[in-house]
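S.K.: My questions all concern the structure below.
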Amino acid sequence: MMRIRVKLDGIAEERKFHLPEMVRERKVGVQDWRQTTSILPQPLVYGREKEKDKIVDFLVGDAYELEDLSVYPIVGLGGLGKTTLAQLVFNNERVVNHFELRIWVIVSEDFSLKRMAKAIITSISGEAYGGEDLDLELLQKRLQVLLRRKRYLLVLDDLWNQKQEYWLRLKFLLACGGKGTSILVTTRLLNVAKIMGTVPPHELSRLSDKDCWELFRQRAFGPNEAEDEKLVVIGKEILKKEEKEWLYVKESKLWSLEGEDYVKSALKLSYLNLPVKLRQCFSFCALFPKDEIMSKHFMIELWIANGFISSNQMLDAEGVGNEVWNELYWRSFFQDTETDEFGQITSFKMHDLVHELAESVTREVCCITYNNDLPTVSESIRHLSVYKENSFEIVNSIQLHHAKSLKTYLAENFNVFDAGQLSPQVLKCYSLRVLLSNRLNKLPTSIGGLKYFRYLDISEGSFNSLPKSLCKLYNLQVLKLDACYNLQKLPDGLTCLKALQHLSLRGCDSLSSLPPHLGKLNSLKTLSKYIVGNKRGFLLEELGQLNLKGQLHIKNLERVKSVADAKKANISRKKLNHLWLSWERNEVSQLQENIEQILEALQPYAQQLYSCGIGGYTGAHFPPWIASPSLKDLSSLELVDCKSCLNLPELWKLPSLKYLNISNMIHALQELYIYHCKNIRSITNEVLKGLHSLKVLNIMKCNKFNMSSGFQYLTCLETLVIGSCSEVNESLPECFENFTLLHELTIYACPKLSGLPTSIQLLSGLKSLTMKGCPNLEKRCQREIGEDWPKIAHVEYIDIQNEYIKEGGYGGRYFEVEAGFLGSSL
């Protein structure tokens, strides 16, 4: 009965989420307002000249060099100007002269082979061709007769269909044209572009401020009317959205979809084309302000917590949520994505018009308040967000007693002085599933009465403990306590939360232990931090049965007694993206046995491990897995405070390494070799300060590398080699007076280098100077006549012209970084 009730509640929720009920009428053909032609409807088009030229250059140039039929997709939001850009290209003089035949077809939703063949024939002949009963075979033959061996351009405008087999059938039919034949596609769906395109999709750019003004000016004053200077000033302020009056209009409900103008109708069609599941997820985004940078992961979590999506036979709920997000992105509902250093999308935004669409379909169930406005909360409200400028007093004034079915309450970014405790009204919203409230100084005991809670984020709180009643939230799936710096203890009964899937404790630095028997939380998928204890129930083996993924930091590894205990954690079976292993340096860590074998037993699952860190390790050697080529996705590695190590791992074997932090270790490193690290720009001063024992430094084929003044700290340097570094400074830094022990300097294939520092003449111990492939430098260092000759005349062996390059030796302890493609710094 409970399961049936949950299903019925879900159905009712879905119905209430979209109050306007309608039956969508699907027709073969296109509505009048979506009809487009190859003729430009207006004489002036702003801001698309460069994009037009780029596409024209491809069609009349690059496409002619390709053997196969070329397909060039234009992707963008509805109403942004895809069709207009295609019209500009279609009517361009170079295109008209280049192609024997130009064809324009409006596609919309019906992408059947029969309809497409008829539409193309009709466009070529200028007359309607055949009826519904016309044989497909005859249509195909007629079409191929018209196209065979002709270099033609076909524009397929407003494409929606994502079934690849439909496109492959049509492509086979169209591949009879002459060399250079091309197809130009406009679509709102990135997925369509990826299926059809033979080149990367052209995503339509925004108009510049200048072009926006020209368009606005032309519409406001007309093409031939004189401009009123006062109105020009007001117009530009409107464009910049700086006037309070404009902001008021912008944030008002005047932008509803009741008027069926072209752009809004286009957007509405995009929305109606979504499956119901995607409509809910998209509409929920109205809970965030316009221009808000939204977290992708956070949005998916909220969708799950509200029951909009769930797991299926193939994927867990997060996987399904990721697919839903991607689908909305491919359909151009989301834009301006940002990625992390590992290439993963982290955030996104929505276009203002798209946000207004979301607002229009959720105005009865979603409520957002900011700028200290007091919202009217009706009984139909399901989701409420309170943003940024609102004071705590304003939040407490919101009449939540009307919102008996409130499911989501987001209240974040309060001032520190405003925050304190939850509004008593919130604690009476017994249907609440999602609560986000930052900077609380106390979590009330009555929190345990909110039985339907699935998502609780009380990060940045100043409390030092949590009430035991928290353990009564049996449906809780997500608990976030990030940056709760004063939190010292979690309730022991936390293991009662059998539904808990995500426990985030990042920045909870005052926690000295976790609740016992965390291994009983068999639904747990992510655990940002685990603190190893000394007693049963707190040992490392508690991690053994947990199928964790994402981020994990294991602290106090000095408490692990044996290799067998380390193996019980089953780290190699957990699909982690970020792993940090740390030891505290104390008496226990000094007495720990088999530490090298313990670290070996903590080898992680290799696939999709993006970052790894090891801190406080007291072993003399690192295990081989740290530099294993199987860690093909590892792009960040940190080795901190590992002072007992006698050598570093063979890090050049890591194919994707971009960021390397080696700190508070290696005060014994004598040789450092950095090869083929194409993205490294510098060695930071912090690292250079720690290399005061370095004798040999060899930097080769690091195109973007530059020397900095921090090299002054390398006071023991004896050999310096810089080669094939095309972007190296025009002049080496004036720090050579510190290299009193330098006796060998080799520079080659550094074409920008055009001068030596004056301080080089102070190096009385410099015995060998070799330069090659540095034309400017070679000229300045010519014997007797070069400008820099006086700086190097004292050097015993100078080789500027011959092919011999003397390499640094490999004696003593050394470290190589080869072909690692390091990031911007080491």
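Going by the structure tokens order, chains are called A, B, ..., each with residues numbered from 1, while ligands are numbered from 1 in the order shown.
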Skip Lys50 (chain A) itself and residues of its chain fewer than 6 positions away, then list as a PyMOL selection string all residues within 12 Å of it, counting only C-alpha atoms.
M.R.: chain A and resi 56-57+85+88-89+204-205+207
S.K.: Residues as selected, N, CA and C atoms, written as a PDB file, in the first residue's frame, can you do that?
M.R.:
```pdb
ATOM      1  N   VAL A  56      30.723  30.322 -45.362  1.00  0.00           N
ATOM      2  CA  VAL A  56      30.901  30.436 -46.815  1.00  0.00           C
ATOM      3  C   VAL A  56      32.284  29.925 -47.218  1.00  0.00           C
ATOM      4  N   ASP A  57      33.316  30.306 -46.476  1.00  0.00           N
ATOM      5  CA  ASP A  57      34.677  29.834 -46.766  1.00  0.00           C
ATOM      6  C   ASP A  57      34.739  28.314 -46.773  1.00  0.00           C
ATOM      7  N   LEU A  85      21.023  33.251 -40.349  1.00  0.00           N
ATOM      8  CA  LEU A  85      22.402  33.008 -40.759  1.00  0.00           C
ATOM      9  C   LEU A  85      22.449  32.097 -41.983  1.00  0.00           C
ATOM     10  N   LEU A  88      21.581  34.116 -44.991  1.00  0.00           N
ATOM     11  CA  LEU A  88      22.712  34.943 -45.414  1.00  0.00           C
ATOM     12  C   LEU A  88      23.698  34.134 -46.252  1.00  0.00           C
ATOM     13  N   VAL A  89      23.995  32.928 -45.787  1.00  0.00           N
ATOM     14  CA  VAL A  89      24.924  32.050 -46.514  1.00  0.00           C
ATOM     15  C   VAL A  89      24.321  31.639 -47.848  1.00  0.00           C
ATOM     16  N   LEU A 204      25.854  29.008 -32.414  1.00  0.00           N
ATOM     17  CA  LEU A 204      25.593  30.414 -32.678  1.00  0.00           C
ATOM     18  C   LEU A 204      26.033  31.277 -31.511  1.00  0.00           C
ATOM     19  N   SER A 205      26.823  32.307 -31.777  1.00  0.00           N
ATOM     20  CA  SER A 205      27.342  33.168 -30.724  1.00  0.00           C
ATOM     21  C   SER A 205      26.330  34.248 -30.366  1.00  0.00           C
ATOM     22  N   LEU A 207      25.228  38.206 -29.736  1.00  0.00           N
ATOM     23  CA  LEU A 207      25.573  39.459 -30.379  1.00  0.00           C
ATOM     24  C   LEU A 207      26.429  40.300 -29.439  1.00  0.00           C
TER      25      LEU A 207
END
```
S.K.: Would you list the contacts of region 70-79 of chain A as a ChimeraX atom specification, taking every protein, DNA or RNA residue within 8 Å and counting only C-alpha atoms, but skipping same-chain residues closer than 5 positions in sequence?
M.R.: /A:63,180-190,193,196-204,262-264,266-267,270,331-333
S.K.: Smallest atom-to-atom distance to Ser459 (chain A): which of A:Leu154, A:Leu147, A:Met700, A:Leu481, using only C-alpha atoms?
M.R.: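 Among the listed residues, A:Leu481 lies closest to Ser459 (chain A).
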S.K.: Could you state the separation of CA of His692 (chain A) and CA of Leu720 (chain A) in Å, given to one decimal place?
M.R.: 14.2 Å
S.K.: Which polymer residues have any atom within 8 Å of an atom of region 296-310 of chain A, counting only C-alpha atoms, with same-chain residues fewer than 6 positions away left out, as a PyMOL selection string?
M.R.: chain A and resi 10+277+280-281+316-318+320-322+325+345-348+407-408+433-434+454-455+477
S.K.: Please run DSSP on the backbone and report, as a PyMOL selection string, all residues within region 437-679 of chain A that come out as strand (DSSP E).
M.R.: chain A and resi 437+455-457+478-480+502-504+526-527+529-531+549-555+575-582+611-615+636-640+659-663+671-675
S.K.: Which is closer to Ser656 (chain A) than all the others in A:Asn547, A:Lys451, A:Gly723, A:Glu341, using only C-alpha atoms?
M.R.: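 That would be A:Glu341, the residue with the smallest distance to Ser656 (chain A).
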S.K.: Which of region 493-687 of chain A end up as alpha helix (DSSP H) when DSSP is run on this backbone - answer as a list in words?
M.R.: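 Taking region 493-687 of chain A and keeping alpha helix (DSSP H) gives Val563, Ala564, Asp565, Ala566, Lys567, Glu587, Val588, Ser589, Gln590, Leu591, Ile595, Glu596, Gln597, Ile598, Leu599, Glu600, Ala601, Asn685, Glu686 and Val687 of chain A.
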S.K.: For the residues selected in the previous step, produce a file with C-alpha atoms as a PDB file, in the first residue's frame.
M.R.:
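Saved to result.pdb:
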```pdb
ATOM      1  CA  VAL A 563      48.607  -4.976   5.577  1.00  0.00           C
ATOM      2  CA  ALA A 564      45.619  -7.305   6.009  1.00  0.00           C
ATOM      3  CA  ASP A 565      43.640  -4.456   7.598  1.00  0.00           C
ATOM      4  CA  ALA A 566      44.479  -2.202   4.649  1.00  0.00           C
ATOM      5  CA  LYS A 567      43.335  -4.824   2.146  1.00  0.00           C
ATOM      6  CA  GLU A 587      54.766   8.675  17.618  1.00  0.00           C
ATOM      7  CA  VAL A 588      52.273   6.177  16.210  1.00  0.00           C
ATOM      8  CA  SER A 589      53.337   6.854  12.618  1.00  0.00           C
ATOM      9  CA  GLN A 590      57.018   6.448  13.519  1.00  0.00           C
ATOM     10  CA  LEU A 591      56.282   3.006  14.969  1.00  0.00           C
ATOM     11  CA  ILE A 595      53.992   1.129   5.773  1.00  0.00           C
ATOM     12  CA  GLU A 596      55.162   0.595   2.204  1.00  0.00           C
ATOM     13  CA  GLN A 597      53.083  -2.567   1.891  1.00  0.00           C
ATOM     14  CA  ILE A 598      50.093  -0.777   3.468  1.00  0.00           C
ATOM     15  CA  LEU A 599      50.253   1.950   0.819  1.00  0.00           C
ATOM     16  CA  GLU A 600      50.611  -0.742  -1.827  1.00  0.00           C
ATOM     17  CA  ALA A 601      47.409  -2.384  -0.528  1.00  0.00           C
ATOM     18  CA  ASN A 685      58.715  30.033  -6.356  1.00  0.00           C
ATOM     19  CA  GLU A 686      57.459  27.712  -3.607  1.00  0.00           C
ATOM     20  CA  VAL A 687      58.911  24.697  -5.401  1.00  0.00           C
TER      21      VAL A 687
END
```
S.K.: Identify, on the basis of only C-alpha atoms, every residue whose closest approach to Ser682 (chain A) does not exceed 12 Å; exclude the query and any residue fewer than 2 positions from it along the same chain; express the result as a PyMOL selection string.
M.R.: chain A and resi 659-660+674+677-680+684-688+699+702-711+725+727-729+822-826
